[in-house]
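To be precise, the following lines are start_2.cif, and they hold mmCIF, C-alpha atoms; chains and numbers go by the auth columns.
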data_work
loop_
_atom_site.group_PDB
_atom_site.id
_atom_site.type_symbol
_atom_site.label_atom_id
_atom_site.label_comp_id
_atom_site.label_asym_id
_atom_site.label_seq_id
_atom_site.Cartn_x
_atom_site.Cartn_y
_atom_site.Cartn_z
_atom_site.B_iso_or_equiv
_atom_site.auth_seq_id
_atom_site.auth_asym_id
ATOM 1 C CA MET A 1 264.205 249.930 13.459 0.00 1 A
ATOM 2 C CA ARG A 2 265.707 247.365 15.764 0.00 2 A
ATOM 3 C CA ILE A 3 268.383 248.345 18.265 0.00 3 A
ATOM 4 C CA LEU A 4 270.496 246.542 20.833 0.00 4 A
ATOM 5 C CA VAL A 5 270.948 248.131 24.255 0.00 5 A
ATOM 6 C CA SER A 6 273.800 246.674 26.315 0.00 6 A
ATOM 7 C CA GLU A 7 273.405 247.737 29.938 0.00 7 A
ATOM 8 C CA SER A 8 274.406 245.778 33.055 0.00 8 A
ATOM 9 C CA ASP A 9 272.444 248.025 35.430 0.00 9 A
ATOM 10 C CA SER A 10 268.979 246.434 35.277 0.00 10 A
ATOM 11 C CA GLY A 11 267.134 249.559 36.389 0.00 11 A
ATOM 12 C CA PHE A 12 268.934 251.863 33.968 0.00 12 A
ATOM 13 C CA GLY A 13 268.625 249.258 31.227 0.00 13 A
ATOM 14 C CA ALA A 14 264.862 249.091 31.709 0.00 14 A
ATOM 15 C CA PHE A 15 264.729 252.893 31.520 0.00 15 A
ATOM 16 C CA LEU A 16 266.661 252.937 28.224 0.00 16 A
ATOM 17 C CA GLU A 17 264.542 250.132 26.816 0.00 17 A
ATOM 18 C CA GLN A 18 261.315 251.921 27.693 0.00 18 A
ATOM 19 C CA SER A 19 262.582 255.245 26.319 0.00 19 A
ATOM 20 C CA PHE A 20 263.491 253.824 22.919 0.00 20 A
ATOM 21 C CA ARG A 21 260.344 251.740 22.692 0.00 21 A
ATOM 22 C CA ALA A 22 258.362 254.939 23.226 0.00 22 A
ATOM 23 C CA GLU A 23 259.957 256.208 20.013 0.00 23 A
ATOM 24 C CA ASP A 24 258.811 253.104 18.094 0.00 24 A
ATOM 25 C CA TYR A 25 262.132 251.258 18.121 0.00 25 A
ATOM 26 C CA THR A 26 262.195 247.505 18.630 0.00 26 A
ATOM 27 C CA VAL A 27 264.634 246.942 21.500 0.00 27 A
ATOM 28 C CA ASP A 28 266.671 243.954 22.624 0.00 28 A
ATOM 29 C CA LEU A 29 268.251 244.441 26.058 0.00 29 A
ATOM 30 C CA ALA A 30 271.523 242.657 26.884 0.00 30 A
ATOM 31 C CA HIS A 31 272.325 242.486 30.597 0.00 31 A
ATOM 32 C CA ASP A 32 275.994 241.608 30.268 0.00 32 A
ATOM 33 C CA TRP A 33 278.865 241.580 27.768 0.00 33 A
ATOM 34 C CA GLU A 34 278.482 237.939 26.733 0.00 34 A
ATOM 35 C CA GLU A 35 274.787 238.356 26.029 0.00 35 A
ATOM 36 C CA ALA A 36 275.519 241.495 23.972 0.00 36 A
ATOM 37 C CA LYS A 37 278.092 239.658 21.853 0.00 37 A
ATOM 38 C CA SER A 38 275.769 236.699 21.385 0.00 38 A
ATOM 39 C CA LEU A 39 272.851 238.875 20.253 0.00 39 A
ATOM 40 C CA VAL A 40 274.992 240.767 17.740 0.00 40 A
ATOM 41 C CA GLU A 41 276.136 237.462 16.280 0.00 41 A
ATOM 42 C CA GLN A 42 272.543 236.290 15.915 0.00 42 A
ATOM 43 C CA HIS A 43 270.718 239.386 14.692 0.00 43 A
ATOM 44 C CA ALA A 44 271.182 242.244 12.241 0.00 44 A
ATOM 45 C CA TYR A 45 270.613 245.456 14.207 0.00 45 A
ATOM 46 C CA ASP A 46 270.212 249.002 12.926 0.00 46 A
ATOM 47 C CA LEU A 47 272.023 250.416 15.966 0.00 47 A
ATOM 48 C CA ALA A 48 273.823 249.240 19.102 0.00 48 A
ATOM 49 C CA LEU A 49 273.911 251.305 22.282 0.00 49 A
ATOM 50 C CA LEU A 50 276.849 250.187 24.403 0.00 50 A
ATOM 51 C CA ASP A 51 277.253 251.498 27.965 0.00 51 A
ATOM 52 C CA ILE A 52 280.878 251.237 29.115 0.00 52 A
ATOM 53 C CA SER A 53 280.575 253.836 31.860 0.00 53 A
ATOM 54 C CA VAL A 54 281.144 251.191 34.550 0.00 54 A
ATOM 55 C CA SER A 55 283.413 248.994 32.438 0.00 55 A
ATOM 56 C CA ASP A 56 286.657 247.529 33.733 0.00 56 A
ATOM 57 C CA GLY A 57 287.956 247.542 30.170 0.00 57 A
ATOM 58 C CA ALA A 58 285.829 244.666 28.892 0.00 58 A
ATOM 59 C CA GLY A 59 283.540 247.125 27.124 0.00 59 A
ATOM 60 C CA PHE A 60 286.341 248.008 24.727 0.00 60 A
ATOM 61 C CA GLU A 61 286.693 244.347 23.826 0.00 61 A
ATOM 62 C CA VAL A 62 282.938 244.109 23.196 0.00 62 A
ATOM 63 C CA LEU A 63 283.127 247.132 20.882 0.00 63 A
ATOM 64 C CA ARG A 64 285.982 245.456 19.006 0.00 64 A
ATOM 65 C CA HIS A 65 283.912 242.270 18.747 0.00 65 A
ATOM 66 C CA PHE A 66 280.970 244.234 17.316 0.00 66 A
ATOM 67 C CA HIS A 67 283.246 245.748 14.684 0.00 67 A
ATOM 68 C CA VAL A 68 284.593 242.332 13.654 0.00 68 A
ATOM 69 C CA VAL A 69 281.248 240.504 13.585 0.00 69 A
ATOM 70 C CA ARG A 70 279.132 243.356 12.180 0.00 70 A
ATOM 71 C CA PRO A 71 281.485 245.906 10.607 0.00 71 A
ATOM 72 C CA GLN A 72 278.532 247.897 9.214 0.00 72 A
ATOM 73 C CA LEU A 73 276.726 248.139 12.575 0.00 73 A
ATOM 74 C CA PRO A 74 276.470 251.732 13.882 0.00 74 A
ATOM 75 C CA VAL A 75 277.490 251.897 17.551 0.00 75 A
ATOM 76 C CA LEU A 76 276.706 254.668 20.034 0.00 76 A
ATOM 77 C CA VAL A 77 278.726 254.406 23.251 0.00 77 A
ATOM 78 C CA LEU A 78 277.711 255.739 26.665 0.00 78 A
ATOM 79 C CA ILE A 79 280.527 256.966 28.909 0.00 79 A
ATOM 80 C CA ASN A 80 280.964 258.970 32.105 0.00 80 A
ATOM 81 C CA ARG A 81 282.389 262.471 31.971 0.00 81 A
ATOM 82 C CA THR A 82 285.527 261.172 33.656 0.00 82 A
ATOM 83 C CA GLN A 83 286.084 258.956 30.598 0.00 83 A
ATOM 84 C CA LEU A 84 286.224 261.822 28.127 0.00 84 A
ATOM 85 C CA GLU A 85 289.856 261.052 27.356 0.00 85 A
ATOM 86 C CA ASP A 86 288.722 257.626 26.104 0.00 86 A
ATOM 87 C CA SER A 87 286.473 259.122 23.430 0.00 87 A
ATOM 88 C CA THR A 88 289.216 259.307 20.772 0.00 88 A
ATOM 89 C CA ARG A 89 290.143 255.685 21.405 0.00 89 A
ATOM 90 C CA LEU A 90 286.494 254.623 21.162 0.00 90 A
ATOM 91 C CA LEU A 91 286.003 256.384 17.839 0.00 91 A
ATOM 92 C CA GLY A 92 289.217 254.834 16.564 0.00 92 A
ATOM 93 C CA MET A 93 287.921 251.378 17.492 0.00 93 A
ATOM 94 C CA GLY A 94 284.775 251.776 15.409 0.00 94 A
ATOM 95 C CA ALA A 95 282.273 253.672 17.584 0.00 95 A
ATOM 96 C CA ASP A 96 280.236 256.127 15.513 0.00 96 A
ATOM 97 C CA ASP A 97 279.594 258.547 18.366 0.00 97 A
ATOM 98 C CA PHE A 98 279.554 258.769 22.140 0.00 98 A
ATOM 99 C CA ALA A 99 277.268 260.371 24.697 0.00 99 A
ATOM 100 C CA PHE A 100 277.532 260.978 28.400 0.00 100 A
ATOM 101 C CA ARG A 101 275.511 258.622 30.553 0.00 101 A
ATOM 102 C CA SER A 102 274.023 261.611 32.341 0.00 102 A
ATOM 103 C CA ALA A 103 272.386 262.679 29.055 0.00 103 A
ATOM 104 C CA ALA A 104 270.223 259.558 28.907 0.00 104 A
ATOM 105 C CA SER A 105 267.282 261.289 30.568 0.00 105 A
ATOM 106 C CA SER A 106 267.412 264.241 28.159 0.00 106 A
ATOM 107 C CA PRO A 107 266.528 264.492 24.436 0.00 107 A
ATOM 108 C CA GLU A 108 270.259 264.473 23.633 0.00 108 A
ATOM 109 C CA LEU A 109 270.658 260.692 23.635 0.00 109 A
ATOM 110 C CA SER A 110 267.711 260.180 21.306 0.00 110 A
ATOM 111 C CA ALA A 111 268.996 262.909 18.987 0.00 111 A
ATOM 112 C CA ARG A 112 272.465 261.357 18.864 0.00 112 A
ATOM 113 C CA ALA A 113 270.969 257.937 18.128 0.00 113 A
ATOM 114 C CA ARG A 114 268.954 259.344 15.214 0.00 114 A
ATOM 115 C CA ALA A 115 271.999 261.209 13.916 0.00 115 A
ATOM 116 C CA VAL A 116 274.101 258.043 13.946 0.00 116 A
ATOM 117 C CA LEU A 117 271.386 256.197 12.042 0.00 117 A
ATOM 118 C CA LEU A 118 271.076 258.930 9.432 0.00 118 A
ATOM 119 C CA ARG A 119 274.845 259.182 8.949 0.00 119 A
ATOM 120 C CA GLY A 120 275.044 255.505 8.132 0.00 120 A
ATOM 121 C CA GLY A 121 274.244 256.309 4.506 0.00 121 A
ATOM 122 C CA ASN A 122 276.411 253.600 2.947 0.00 122 A
ATOM 123 C CA ARG A 123 275.604 250.982 5.552 0.00 123 A
ATOM 124 C CA PRO A 124 273.370 248.172 4.239 0.00 124 A
ATOM 125 C CA LEU A 125 270.921 248.392 7.143 0.00 125 A
ATOM 126 C CA GLY A 126 270.553 252.137 6.700 0.00 126 A
ATOM 127 C CA THR A 127 269.656 251.999 3.007 0.00 127 A
ATOM 128 C CA VAL A 128 266.209 251.995 1.487 0.00 128 A
ATOM 129 C CA LEU A 129 264.638 248.520 1.505 0.00 129 A
ATOM 130 C CA ARG A 130 263.259 247.463 -1.882 0.00 130 A
ATOM 131 C CA VAL A 131 261.163 244.439 -2.768 0.00 131 A
ATOM 132 C CA ASP A 132 259.929 244.575 -6.361 0.00 132 A
ATOM 133 C CA ASP A 133 258.178 247.979 -6.652 0.00 133 A
ATOM 134 C CA LEU A 134 257.744 248.338 -2.876 0.00 134 A
ATOM 135 C CA GLU A 135 260.139 250.694 -1.078 0.00 135 A
ATOM 136 C CA LEU A 136 260.613 251.408 2.618 0.00 136 A
ATOM 137 C CA ASN A 137 262.908 254.197 3.797 0.00 137 A
ATOM 138 C CA PRO A 138 263.939 253.490 7.438 0.00 138 A
ATOM 139 C CA ALA A 139 265.444 256.944 7.953 0.00 139 A
ATOM 140 C CA LYS A 140 262.363 258.824 6.759 0.00 140 A
ATOM 141 C CA ARG A 141 259.876 256.124 7.818 0.00 141 A
ATOM 142 C CA THR A 142 258.123 256.316 4.449 0.00 142 A
ATOM 143 C CA VAL A 143 256.651 253.545 2.302 0.00 143 A
ATOM 144 C CA THR A 144 255.790 253.641 -1.401 0.00 144 A
ATOM 145 C CA ARG A 145 254.684 251.142 -4.038 0.00 145 A
ATOM 146 C CA SER A 146 255.125 251.996 -7.689 0.00 146 A
ATOM 147 C CA GLY A 147 256.082 255.455 -6.470 0.00 147 A
ATOM 148 C CA LYS A 148 252.767 256.030 -4.679 0.00 148 A
ATOM 149 C CA PRO A 149 252.943 256.811 -0.937 0.00 149 A
ATOM 150 C CA ILE A 150 251.361 254.333 1.470 0.00 150 A
ATOM 151 C CA HIS A 151 250.347 255.554 4.917 0.00 151 A
ATOM 152 C CA LEU A 152 250.812 252.987 7.671 0.00 152 A
ATOM 153 C CA THR A 153 250.257 252.949 11.392 0.00 153 A
ATOM 154 C CA SER A 154 253.278 252.428 13.633 0.00 154 A
ATOM 155 C CA LYS A 155 252.508 248.719 14.107 0.00 155 A
ATOM 156 C CA GLU A 156 251.854 248.194 10.384 0.00 156 A
ATOM 157 C CA TYR A 157 255.162 249.871 9.586 0.00 157 A
ATOM 158 C CA SER A 158 257.061 247.662 12.050 0.00 158 A
ATOM 159 C CA LEU A 159 255.413 244.552 10.617 0.00 159 A
ATOM 160 C CA LEU A 160 256.231 245.508 7.028 0.00 160 A
ATOM 161 C CA GLU A 161 259.842 246.358 7.878 0.00 161 A
ATOM 162 C CA TYR A 162 260.272 242.974 9.565 0.00 162 A
ATOM 163 C CA LEU A 163 258.829 241.155 6.549 0.00 163 A
ATOM 164 C CA MET A 164 261.067 243.127 4.178 0.00 164 A
ATOM 165 C CA ARG A 165 264.180 242.334 6.200 0.00 165 A
ATOM 166 C CA ASN A 166 263.235 238.651 5.928 0.00 166 A
ATOM 167 C CA VAL A 167 262.164 238.682 2.268 0.00 167 A
ATOM 168 C CA GLY A 168 261.816 235.175 0.846 0.00 168 A
ATOM 169 C CA HIS A 169 261.888 233.608 4.333 0.00 169 A
ATOM 170 C CA GLY A 170 258.824 232.627 6.284 0.00 170 A
ATOM 171 C CA VAL A 171 258.286 234.120 9.728 0.00 171 A
ATOM 172 C CA THR A 172 255.869 232.803 12.337 0.00 172 A
ATOM 173 C CA ARG A 173 253.307 234.840 14.196 0.00 173 A
ATOM 174 C CA GLU A 174 255.360 234.367 17.369 0.00 174 A
ATOM 175 C CA GLU A 175 258.455 235.748 15.639 0.00 175 A
ATOM 176 C CA ILE A 176 256.456 238.708 14.350 0.00 176 A
ATOM 177 C CA ILE A 177 255.146 239.576 17.801 0.00 177 A
ATOM 178 C CA GLY A 178 258.505 239.037 19.467 0.00 178 A
ATOM 179 C CA HIS A 179 260.763 240.739 16.926 0.00 179 A
ATOM 180 C CA ALA A 180 258.614 243.303 15.121 0.00 180 A
ATOM 181 C CA TRP A 181 256.773 244.472 18.241 0.00 181 A
ATOM 182 C CA ASN A 182 259.078 243.247 21.010 0.00 182 A
ATOM 183 C CA LEU A 183 256.229 241.673 22.964 0.00 183 A
ATOM 184 C CA PRO A 184 255.671 238.182 24.371 0.00 184 A
ATOM 185 C CA ALA A 185 253.374 236.137 22.160 0.00 185 A
ATOM 186 C CA PRO A 186 249.865 235.884 23.680 0.00 186 A
ATOM 187 C CA PRO A 187 248.561 232.298 23.765 0.00 187 A
ATOM 188 C CA GLN A 188 245.186 233.182 22.217 0.00 188 A
ATOM 189 C CA THR A 189 245.015 236.142 19.841 0.00 189 A
ATOM 190 C CA ASN A 190 244.562 236.951 16.164 0.00 190 A
ATOM 191 C CA VAL A 191 246.352 240.299 16.367 0.00 191 A
ATOM 192 C CA VAL A 192 248.921 239.283 13.734 0.00 192 A
ATOM 193 C CA GLU A 193 246.219 238.152 11.319 0.00 193 A
ATOM 194 C CA VAL A 194 244.372 241.444 11.806 0.00 194 A
ATOM 195 C CA TYR A 195 247.479 243.484 10.991 0.00 195 A
ATOM 196 C CA ILE A 196 248.455 241.236 8.080 0.00 196 A
ATOM 197 C CA ASN A 197 244.999 241.716 6.540 0.00 197 A
ATOM 198 C CA SER A 198 245.213 245.476 7.040 0.00 198 A
ATOM 199 C CA LEU A 199 248.702 245.557 5.523 0.00 199 A
ATOM 200 C CA ARG A 200 247.571 243.487 2.539 0.00 200 A
ATOM 201 C CA LYS A 201 244.829 245.964 1.752 0.00 201 A
ATOM 202 C CA LYS A 202 247.288 248.849 1.757 0.00 202 A
ATOM 203 C CA ILE A 203 250.258 247.115 0.100 0.00 203 A
ATOM 204 C CA ASP A 204 248.646 244.604 -2.280 0.00 204 A
ATOM 205 C CA GLY A 205 245.113 245.923 -2.700 0.00 205 A
ATOM 206 C CA GLN A 206 245.581 247.708 -6.030 0.00 206 A
ATOM 207 C CA SER A 207 248.531 245.692 -7.357 0.00 207 A
ATOM 208 C CA GLU A 208 248.464 242.748 -9.738 0.00 208 A
ATOM 209 C CA TYR A 209 251.185 240.841 -7.896 0.00 209 A
ATOM 210 C CA LYS A 210 250.533 240.140 -4.234 0.00 210 A
ATOM 211 C CA LEU A 211 253.757 240.460 -2.240 0.00 211 A
ATOM 212 C CA ILE A 212 252.470 239.230 1.136 0.00 212 A
ATOM 213 C CA GLN A 213 252.025 235.471 1.067 0.00 213 A
ATOM 214 C CA THR A 214 250.666 233.033 3.654 0.00 214 A
ATOM 215 C CA ILE A 215 252.717 229.903 4.318 0.00 215 A
ATOM 216 C CA ARG A 216 250.304 227.260 5.545 0.00 216 A
ATOM 217 C CA GLY A 217 251.346 225.893 8.912 0.00 217 A
ATOM 218 C CA ARG A 218 254.268 228.340 9.131 0.00 218 A
ATOM 219 C CA GLY A 219 253.297 232.002 8.955 0.00 219 A
ATOM 220 C CA TYR A 220 253.920 234.712 6.401 0.00 220 A
ATOM 221 C CA GLN A 221 256.562 235.927 4.011 0.00 221 A
ATOM 222 C CA LEU A 222 257.203 238.666 1.497 0.00 222 A
ATOM 223 C CA THR A 223 258.029 237.443 -2.017 0.00 223 A
ATOM 224 C CA THR A 224 258.884 239.028 -5.360 0.00 224 A
ATOM 225 C CA PRO A 225 257.834 237.943 -8.859 0.00 225 A
ATOM 226 C CA GLY A 226 260.228 235.558 -10.569 0.00 226 A
ATOM 227 C CA PRO A 227 261.883 236.646 -13.828 0.00 227 A
ATOM 228 C CA LYS A 228 259.422 234.600 -15.937 0.00 228 A
ATOM 229 C CA GLU A 229 256.585 232.999 -14.030 0.00 229 A
ATOM 230 C CA GLY A 230 256.029 235.906 -11.644 0.00 230 A
ATOM 231 C CA THR A 231 255.485 233.615 -8.698 0.00 231 A
ATOM 232 C CA LYS A 232 258.908 232.837 -7.243 0.00 232 A
ATOM 233 C CA ALA A 233 260.404 234.399 -4.166 0.00 233 A
ATOM 234 C CA GLY A 234 263.258 236.796 -4.762 0.00 234 A
ATOM 235 C CA VAL A 235 265.577 239.097 -2.867 0.00 235 A
ATOM 236 C CA PRO A 236 265.402 242.827 -2.214 0.00 236 A
ATOM 237 C CA SER A 237 267.074 244.996 -4.807 0.00 237 A
ATOM 238 C CA THR A 238 270.008 247.240 -3.872 0.00 238 A
#
Spell out the structure here as C-alpha cells.
Amino acid sequence: MRILVSESDSGFGAFLEQSFRAEDYTVDLAHDWEEAKSLVEQHAYDLALLDISVSDGAGFEVLRHFHVVRPQLPVLVLINRTQLEDSTRLLGMGADDFAFRSAASSPELSARARAVLLRGGNRPLGTVLRVDDLELNPAKRTVTRSGKPIHLTSKEYSLLEYLMRNVGHGVTREEIIGHAWNLPAPPQTNVVEVYINSLRKKIDGQSEYKLIQTIRGRGYQLTTPGPKEGTKAGVPST
C-alpha cells in the first residue's frame, strides 16, 4: 500500500518514512503543506498521515483540502497531547482517527494506521482489486487467480499491486522502481525484468490468457481479455 506522510520536521519525517517502509508500505514524504496538497492531487494514496502537532492552523486547511480533492482518502492525524480538545474538530473535518505524536515510536501508531485502512471498507482504494480472474486483497495481502492462492514475495506483491492499480496503462521500469518500491532508479540494472519474469511464472504460468504484457519501448502493463477477441485491455471489476 502507498501512503503519504506529511511532516515538516525532516528528522522526524525520515523516522516515520523508515518505520512505515519497514512494514512494506510505499511512502511518499511531504516536507511542507504545499507539497502535501500537490502530492494528494497527483496520486491516489491508501492512507495519509498528517502531522499538525506544530501547526499554526494551516494543517486544518490541508485536511480540508484532502477531503475535497480525495474524499475517499483515509487520514490519520498526529497531534500533541495539548491539542486533545481539537480531536473532535479534526474528526468532524474528515479525519478518520488521530494519534499523539509521542506514540510514533511505539507500536500504537502502526496499529492505528492498520485499523484506519481496515475500516475503510467502502472506500475504493480499500476494496479488493480485481483484473479478470486475478484478485488482490490489500487488507489481507493475499493474491488469488481463479480462486487459487498465489504466494508472492514482498517485492513481487508490491509490483503486482502497482500494475493492478494502473491496469490498462503502461508503466516504465523507472516508475515501477520509484513508485512500487520507493527507490531511485539505478542506471544499470535488470531488477525489474527479473521480478516481472518471476511474477509472470506465478500469475500467468498456468493460465490461458496472459495478463502481464510487455510494451516495447515503454515498459509493462496489466490487461484483461476483451469481450470477444480476448486481447484488449480492460478495467478492473468492482
Per-residue nearest contacts range 82-165 of chain A to range 65-76 of chain A, cut-off 6 Å, using all atoms listed in the file, as a tab-separated table:
residue	atom	partner	partner_atom	distance
A:Ala95	CA	A:Val75	CA	5.1
A:Asp96	CA	A:Val75	CA	5.4
A:Asp97	CA	A:Leu76	CA	5.1
A:Phe98	CA	A:Leu76	CA	5.4
A:Arg123	CA	A:Gln72	CA	5.6
Open item on the list: Just want the 7 Å neighbourhood of range 195-203 of chain A, counted on all atoms listed in the file, with same-chain residues fewer than 4 positions away dropped. Output as a PyMOL selection string.
Closed with: chain A and resi 150+156+191+212
- [ ] Please identify all polymer residues within 12 Å of range 17-28 of chain A, counting only C-alpha atoms, omitting same-chain residues fewer than 3 positions from it, and present them as a PyMOL selection string.
- [x] chain A and resi 1-7+9-14+31+35-36+38-40+42-49+104-107+109-111+113-114+138+141+153-159+161-162+176-183
Given the selection you just returned, output its residues as a file containing C-alpha atoms, formatted as a JSON list (two decimals), keeping the file's coordinate frame.
[["chain", "number", "residue", "atom", "x", "y", "z"],
["A", 1, "MET", "CA", 264.20, 249.93, 13.46],
["A", 2, "ARG", "CA", 265.71, 247.36, 15.76],
["A", 3, "ILE", "CA", 268.38, 248.34, 18.26],
["A", 4, "LEU", "CA", 270.50, 246.54, 20.83],
["A", 5, "VAL", "CA", 270.95, 248.13, 24.26],
["A", 6, "SER", "CA", 273.80, 246.67, 26.32],
["A", 7, "GLU", "CA", 273.40, 247.74, 29.94],
["A", 9, "ASP", "CA", 272.44, 248.02, 35.43],
["A", 10, "SER", "CA", 268.98, 246.43, 35.28],
["A", 11, "GLY", "CA", 267.13, 249.56, 36.39],
["A", 12, "PHE", "CA", 268.93, 251.86, 33.97],
["A", 13, "GLY", "CA", 268.62, 249.26, 31.23],
["A", 14, "ALA", "CA", 264.86, 249.09, 31.71],
["A", 31, "HIS", "CA", 272.32, 242.49, 30.60],
["A", 35, "GLU", "CA", 274.79, 238.36, 26.03],
["A", 36, "ALA", "CA", 275.52, 241.50, 23.97],
["A", 38, "SER", "CA", 275.77, 236.70, 21.38],
["A", 39, "LEU", "CA", 272.85, 238.88, 20.25],
["A", 40, "VAL", "CA", 274.99, 240.77, 17.74],
["A", 42, "GLN", "CA", 272.54, 236.29, 15.92],
["A", 43, "HIS", "CA", 270.72, 239.39, 14.69],
["A", 44, "ALA", "CA", 271.18, 242.24, 12.24],
["A", 45, "TYR", "CA", 270.61, 245.46, 14.21],
["A", 46, "ASP", "CA", 270.21, 249.00, 12.93],
["A", 47, "LEU", "CA", 272.02, 250.42, 15.97],
["A", 48, "ALA", "CA", 273.82, 249.24, 19.10],
["A", 49, "LEU", "CA", 273.91, 251.30, 22.28],
["A", 104, "ALA", "CA", 270.22, 259.56, 28.91],
["A", 105, "SER", "CA", 267.28, 261.29, 30.57],
["A", 106, "SER", "CA", 267.41, 264.24, 28.16],
["A", 107, "PRO", "CA", 266.53, 264.49, 24.44],
["A", 109, "LEU", "CA", 270.66, 260.69, 23.64],
["A", 110, "SER", "CA", 267.71, 260.18, 21.31],
["A", 111, "ALA", "CA", 269.00, 262.91, 18.99],
["A", 113, "ALA", "CA", 270.97, 257.94, 18.13],
["A", 114, "ARG", "CA", 268.95, 259.34, 15.21],
["A", 138, "PRO", "CA", 263.94, 253.49, 7.44],
["A", 141, "ARG", "CA", 259.88, 256.12, 7.82],
["A", 153, "THR", "CA", 250.26, 252.95, 11.39],
["A", 154, "SER", "CA", 253.28, 252.43, 13.63],
["A", 155, "LYS", "CA", 252.51, 248.72, 14.11],
["A", 156, "GLU", "CA", 251.85, 248.19, 10.38],
["A", 157, "TYR", "CA", 255.16, 249.87, 9.59],
["A", 158, "SER", "CA", 257.06, 247.66, 12.05],
["A", 159, "LEU", "CA", 255.41, 244.55, 10.62],
["A", 161, "GLU", "CA", 259.84, 246.36, 7.88],
["A", 162, "TYR", "CA", 260.27, 242.97, 9.56],
["A", 176, "ILE", "CA", 256.46, 238.71, 14.35],
["A", 177, "ILE", "CA", 255.15, 239.58, 17.80],
["A", 178, "GLY", "CA", 258.50, 239.04, 19.47],
["A", 179, "HIS", "CA", 260.76, 240.74, 16.93],
["A", 180, "ALA", "CA", 258.61, 243.30, 15.12],
["A", 181, "TRP", "CA", 256.77, 244.47, 18.24],
["A", 182, "ASN", "CA", 259.08, 243.25, 21.01],
["A", 183, "LEU", "CA", 256.23, 241.67, 22.96]]
Spatial neighbours of range 164-166 of chain A, 10 Å, all atoms listed in the file, chain gap at least 4 places, as a short mmCIF file (atom, residue, chain, number, x, y, z; two decimals) with C-alpha atoms, in the frame of the given file:
data_model
loop_
_atom_site.label_atom_id
_atom_site.label_comp_id
_atom_site.auth_asym_id
_atom_site.auth_seq_id
_atom_site.Cartn_x
_atom_site.Cartn_y
_atom_site.Cartn_z
CA ALA A 44 271.18 242.24 12.24
CA LEU A 125 270.92 248.39 7.14
CA LEU A 129 264.64 248.52 1.50
CA ARG A 130 263.26 247.46 -1.88
CA VAL A 131 261.16 244.44 -2.77
CA LEU A 134 257.74 248.34 -2.88
CA GLU A 135 260.14 250.69 -1.08
CA LEU A 136 260.61 251.41 2.62
CA SER A 158 257.06 247.66 12.05
CA LEU A 159 255.41 244.55 10.62
CA LEU A 160 256.23 245.51 7.03
CA GLY A 170 258.82 232.63 6.28
CA VAL A 171 258.29 234.12 9.73
CA ILE A 212 252.47 239.23 1.14
CA GLN A 221 256.56 235.93 4.01
CA LEU A 222 257.20 238.67 1.50
CA THR A 223 258.03 237.44 -2.02
CA VAL A 235 265.58 239.10 -2.87
CA PRO A 236 265.40 242.83 -2.21
#
Open item on the list: Which residue is closest to Arg64 in chain A? Choose from A:Arg101, A:Asp86, A:Gly92, A:Gln206 and count all atoms listed in the file.
Closed with: A:Gly92
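Here CA of Arg218 in chain A is placed at a distance of 20.6 Å from CA of Asp204 in chain A.
Residues lying within 9 Å of (282.4, 252.0, 28.8). Counted over all atoms listed in the file, they are Leu50, Asp51, Ile52, Ser53, Val54, Ser55, Asp56, Gly57, Ala58, Gly59, Phe60, Val77, Leu78, Ile79, Asn80, Gln83 and Asp86 of chain A.
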